[in-house]
Amino acid sequence: METKQIEKLVETLLEQESAELVDLRYAKEGPKWVLRVFIDKTGGVTLDDCAYFSDRIGSLLDSENAIGRAYVLEVSSPGLDRVIKKPKDYQRFAGKAVKIRLKVAENGQRNFHCKLVGYENDKVVVDDGGNRREFPIAIVDETRIDYHGEI
């Protein structure tokens, strides 16, 4: 099963449990495969939540035979420097300091530290030192909250 299909299965399960999928990464690390699932919910995520959702997600993936090889499942909160991927999250975290990494350089620059304005017309909108910038979502490699950021 492709990563996008696994993501959809996990997202559906979490929504039924009043939680949300923040990010999902499946990659080979050394000799083993690791599936990392980052979750959030109202009031935050506890260690007990991670254990509970790890059991639920693991059981779902096993019952669907979603991953055809041995893997390690890690479930955790998104952390203070959470990744922002969904349009609704770009709106939710408007006003926060963020770090943005682009897939391709813009005027020789790939990394930006700026204030998030929001998401409009498939573009991430930021305030970069008083200058409004818009990055098409297709060229954004990663956006993270910069919890140390002073903007």
# chains A, B, ... in the order shown; residues from 1 in each chain; ligands from 1
$ closest_atom_pairs --of "region 37-119 of chain A" --to "region 13-24 of chain A" --cutoff "8 Å" --atoms "only C-alpha atoms" --output "CSV"
residue,atom,partner,partner_atom,distance
A:Val37,CA,A:Leu24,CA,4.6
A:Phe38,CA,A:Asp23,CA,5.1
A:Ile39,CA,A:Leu21,CA,4.8
A:Asp40,CA,A:Glu20,CA,5.3
A:Lys41,CA,A:Ala19,CA,4.6
A:Thr42,CA,A:Ala19,CA,7.5
A:Ile57,CA,A:Leu13,CA,7.6
A:Pro78,CA,A:Val22,CA,6.8
A:Val83,CA,A:Asp23,CA,7.3
A:Ile84,CA,A:Val22,CA,7.6
A:Lys85,CA,A:Val22,CA,7.6
$ write_last_selection --atoms "N, CA and C atoms" --output "short mmCIF file (atom, residue, chain, number, x, y, z; two decimals), in the first residue's frame"
data_model
loop_
_atom_site.label_atom_id
_atom_site.label_comp_id
_atom_site.auth_asym_id
_atom_site.auth_seq_id
_atom_site.Cartn_x
_atom_site.Cartn_y
_atom_site.Cartn_z
N VAL A 37 4.04 8.59 13.11
CA VAL A 37 2.73 9.22 13.03
C VAL A 37 2.68 10.31 14.09
N PHE A 38 2.45 11.54 13.66
CA PHE A 38 2.36 12.68 14.57
C PHE A 38 0.90 13.08 14.68
N ILE A 39 0.40 13.10 15.91
CA ILE A 39 -1.02 13.35 16.14
C ILE A 39 -1.22 14.56 17.05
N ASP A 40 -2.42 15.11 17.00
CA ASP A 40 -2.79 16.20 17.91
C ASP A 40 -4.26 16.05 18.23
N LYS A 41 -4.66 16.67 19.33
CA LYS A 41 -6.07 16.71 19.70
C LYS A 41 -6.29 17.90 20.62
N THR A 42 -7.51 18.28 20.79
CA THR A 42 -7.84 19.39 21.67
C THR A 42 -7.30 19.09 23.07
N ILE A 57 -3.73 2.25 15.80
CA ILE A 57 -3.18 2.38 14.45
C ILE A 57 -2.51 1.06 14.03
N PRO A 78 3.08 16.39 17.85
CA PRO A 78 3.86 17.10 16.84
C PRO A 78 5.00 17.93 17.43
N VAL A 83 5.12 20.58 12.37
CA VAL A 83 5.06 20.82 10.94
C VAL A 83 3.65 21.31 10.58
N ILE A 84 3.59 22.17 9.59
CA ILE A 84 2.31 22.68 9.10
C ILE A 84 2.20 22.22 7.65
N LYS A 85 1.13 21.47 7.34
CA LYS A 85 0.98 20.91 6.00
C LYS A 85 -0.36 21.25 5.36
#
$ select_by_dssp --residues "region 76-142 of chain A" --states "strand (DSSP E)" --output "JSON, numbers by chain"
{"A": [76, 97, 98, 99, 100, 101, 102, 103, 104, 105, 106, 109, 110, 111, 112, 113, 114, 115, 116, 117, 118, 119, 120, 123, 124, 125, 126, 127, 128, 131, 132, 133, 134, 135, 136, 140, 141, 142]}
$ closest_atom_pairs --of "region 44-89 of chain A" --to "region 119-136 of chain A" --cutoff "9 Å" --atoms "only C-alpha atoms" --output "JSON lines"
{"residue": "A:Pro87", "atom": "CA", "partner": "A:Tyr119", "partner_atom": "CA", "distance": 6.0}
{"residue": "A:Lys88", "atom": "CA", "partner": "A:Tyr119", "partner_atom": "CA", "distance": 8.0}
{"residue": "A:Asp89", "atom": "CA", "partner": "A:Tyr119", "partner_atom": "CA", "distance": 8.8}
$ closest_residue --among "A:Thr12, A:Thr143, A:Gln91, A:Thr3" --to "Asn111 (chain A)" --atoms "only C-alpha atoms"
A:Thr143
$ atom_distance --atom1 "CA of Glu29 (chain A)" --atom2 "CA of His148 (chain A)"
29.0 Å
$ closest_residue --among "A:Ile100, A:Ala94, A:Val75, A:Leu9" --to "Leu60 (chain A)" --atoms "only C-alpha atoms"
A:Leu9
$ residues_around --residues "Lys96 (chain A)" --least-positions-apart "6" --cutoff "7 Å" --atoms "only C-alpha atoms" --output "list in words"
Lys115, Leu116 and Ile145 of chain A
$ write_last_selection --atoms "N, CA and C atoms" --output "PDB file, in the first residue's frame"
ATOM      1  N   LYS A 115       6.926  35.533   9.484  1.00  0.00           N
ATOM      2  CA  LYS A 115       5.644  35.454  10.195  1.00  0.00           C
ATOM      3  C   LYS A 115       4.596  34.904   9.231  1.00  0.00           C
ATOM      4  N   LEU A 116       3.879  33.902   9.680  1.00  0.00           N
ATOM      5  CA  LEU A 116       2.840  33.294   8.859  1.00  0.00           C
ATOM      6  C   LEU A 116       1.611  34.196   8.831  1.00  0.00           C
ATOM      7  N   ILE A 145       6.574  25.536  12.771  1.00  0.00           N
ATOM      8  CA  ILE A 145       6.483  26.640  13.723  1.00  0.00           C
ATOM      9  C   ILE A 145       7.857  26.838  14.337  1.00  0.00           C
TER      10      ILE A 145
END
$ residues_around --residues "Ala27 (chain A)" --least-positions-apart "4" --cutoff "12 Å" --atoms "only C-alpha atoms" --output "PyMOL selection string"
chain A and resi 2-3+31-37+67+71-74
$ select_by_dssp --residues "region 12-122 of chain A" --states "alpha helix (DSSP H)" --output "PyMOL selection string"
chain A and resi 12-16+47-63+87-92
$ closest_residue --among "A:Val117, A:Ala97, A:Ala70, A:Leu61" --to "Val10 (chain A)" --atoms "only C-alpha atoms"
A:Leu61
$ atom_distance --atom1 "CA of Tyr52 (chain A)" --atom2 "CA of Lys28 (chain A)"
24.5 Å
$ closest_residue --among "A:Asp81, A:Glu142, A:Glu11, A:Glu106" --to "Arg56 (chain A)" --atoms "only C-alpha atoms"
A:Glu11
$ atom_distance --atom1 "CA of Ser54 (chain A)" --atom2 "CA of Ser76 (chain A)"
8.8 Å
$ closest_residue --among "A:Lys86, A:Tyr147, A:Ile6, A:Ala138" --to "Asn65 (chain A)" --atoms "only C-alpha atoms"
A:Ile6
$ closest_residue --among "A:Glu64, A:Asp141, A:Asp146, A:Asp49" --to "Val98 (chain A)" --atoms "only C-alpha atoms"
A:Asp146
$ decode --residues "region 6-128 of chain A" --atoms "C-alpha atoms" --output "short mmCIF file (atom, residue, chain, number, x, y, z; two decimals), in the first residue's frame"
data_model
loop_
_atom_site.label_atom_id
_atom_site.label_comp_id
_atom_site.auth_asym_id
_atom_site.auth_seq_id
_atom_site.Cartn_x
_atom_site.Cartn_y
_atom_site.Cartn_z
CA ILE A 6 -1.80 4.52 4.70
CA GLU A 7 -2.15 8.20 5.57
CA LYS A 8 -5.84 8.12 4.58
CA LEU A 9 -6.52 5.03 6.73
CA VAL A 10 -4.82 6.58 9.76
CA GLU A 11 -6.48 9.95 9.22
CA THR A 12 -9.94 8.36 9.11
CA LEU A 13 -9.28 6.42 12.33
CA LEU A 14 -8.00 9.49 14.16
CA GLU A 15 -10.94 11.64 13.05
CA GLN A 16 -13.32 9.01 14.48
CA GLU A 17 -11.44 9.36 17.77
CA SER A 18 -11.55 13.21 17.80
CA ALA A 19 -7.87 13.49 17.01
CA GLU A 20 -6.03 14.71 13.94
CA LEU A 21 -3.17 13.47 11.83
CA VAL A 22 -0.52 16.17 11.70
CA ASP A 23 2.11 14.26 9.74
CA LEU A 24 3.01 10.73 8.70
CA ARG A 25 6.43 9.61 7.53
CA TYR A 26 7.42 6.16 6.35
CA ALA A 27 11.09 5.61 5.59
CA LYS A 28 13.90 3.12 5.79
CA GLU A 29 16.35 3.92 8.56
CA GLY A 30 19.36 1.66 8.48
CA PRO A 31 18.13 -1.92 8.24
CA LYS A 32 14.57 -1.23 9.42
CA TRP A 33 11.46 0.57 8.19
CA VAL A 34 9.90 3.19 10.48
CA LEU A 35 6.39 4.61 10.34
CA ARG A 36 6.18 7.85 12.32
CA VAL A 37 2.73 9.22 13.03
CA PHE A 38 2.36 12.68 14.57
CA ILE A 39 -1.02 13.35 16.14
CA ASP A 40 -2.79 16.20 17.91
CA LYS A 41 -6.07 16.71 19.70
CA THR A 42 -7.84 19.39 21.67
CA GLY A 43 -6.02 19.84 24.95
CA GLY A 44 -2.81 18.31 23.59
CA VAL A 45 -1.45 14.79 23.41
CA THR A 46 -0.33 12.81 26.45
CA LEU A 47 1.91 9.77 26.69
CA ASP A 48 -1.20 7.67 27.35
CA ASP A 49 -2.75 9.04 24.14
CA CYS A 50 0.34 8.00 22.19
CA ALA A 51 0.17 4.46 23.61
CA TYR A 52 -3.56 4.22 22.94
CA PHE A 53 -3.29 5.45 19.35
CA SER A 54 -0.24 3.30 18.71
CA ASP A 55 -2.32 0.22 19.58
CA ARG A 56 -5.28 1.40 17.47
CA ILE A 57 -3.18 2.38 14.45
CA GLY A 58 -1.07 -0.78 14.62
CA SER A 59 -4.18 -2.98 14.78
CA LEU A 60 -5.78 -1.14 11.85
CA LEU A 61 -2.70 -1.38 9.65
CA ASP A 62 -2.27 -5.07 10.49
CA SER A 63 -5.93 -5.88 9.79
CA GLU A 64 -5.73 -4.09 6.43
CA ASN A 65 -2.34 -5.68 5.68
CA ALA A 66 -1.33 -2.12 4.79
CA ILE A 67 2.41 -2.62 5.17
CA GLY A 68 3.81 -5.82 3.72
CA ARG A 69 7.04 -5.89 5.71
CA ALA A 70 8.24 -5.59 9.29
CA TYR A 71 8.25 -2.00 10.53
CA VAL A 72 8.50 0.05 13.71
CA LEU A 73 5.50 2.23 14.56
CA GLU A 74 6.14 5.44 16.47
CA VAL A 75 3.23 7.67 17.53
CA SER A 76 3.93 11.05 19.10
CA SER A 77 2.73 14.61 19.48
CA PRO A 78 3.86 17.10 16.84
CA GLY A 79 6.05 18.94 19.36
CA LEU A 80 6.62 22.64 19.75
CA ASP A 81 8.13 22.95 16.29
CA ARG A 82 5.22 21.15 14.66
CA VAL A 83 5.06 20.82 10.94
CA ILE A 84 2.31 22.68 9.10
CA LYS A 85 0.98 20.91 6.00
CA LYS A 86 -2.75 21.46 5.64
CA PRO A 87 -4.40 24.68 4.43
CA LYS A 88 -6.52 24.84 7.61
CA ASP A 89 -3.36 24.70 9.72
CA TYR A 90 -1.79 27.56 7.79
CA GLN A 91 -4.86 29.58 8.78
CA ARG A 92 -4.91 28.23 12.35
CA PHE A 93 -1.31 29.27 13.02
CA ALA A 94 -1.47 32.66 11.30
CA GLY A 95 0.55 35.20 13.27
CA LYS A 96 3.14 32.64 14.41
CA ALA A 97 6.82 32.70 13.52
CA VAL A 98 7.65 29.93 11.04
CA LYS A 99 10.57 28.42 9.20
CA ILE A 100 9.85 27.58 5.57
CA ARG A 101 12.07 25.46 3.35
CA LEU A 102 11.38 25.54 -0.39
CA LYS A 103 11.97 22.69 -2.83
CA VAL A 104 13.58 25.13 -5.24
CA ALA A 105 15.43 28.33 -4.45
CA GLU A 106 13.75 31.66 -4.95
CA ASN A 107 16.30 34.36 -5.78
CA GLY A 108 19.01 32.03 -4.47
CA GLN A 109 17.25 31.38 -1.15
CA ARG A 110 15.51 28.18 0.00
CA ASN A 111 15.09 28.85 3.73
CA PHE A 112 12.96 31.60 5.21
CA HIS A 113 12.24 32.68 8.78
CA CYS A 114 9.11 34.82 8.78
CA LYS A 115 5.64 35.45 10.20
CA LEU A 116 2.84 33.29 8.86
CA VAL A 117 -0.07 35.30 7.45
CA GLY A 118 -2.17 32.39 6.17
CA TYR A 119 -3.09 30.42 3.09
CA GLU A 120 -4.74 31.86 -0.02
CA ASN A 121 -5.26 30.43 -3.52
CA ASP A 122 -2.94 27.43 -2.97
CA LYS A 123 -0.19 29.73 -1.68
CA VAL A 124 1.46 30.08 1.72
CA VAL A 125 1.37 33.76 2.62
CA VAL A 126 4.02 35.23 4.93
CA ASP A 127 5.29 38.54 6.20
CA ASP A 128 9.04 38.56 5.63
#
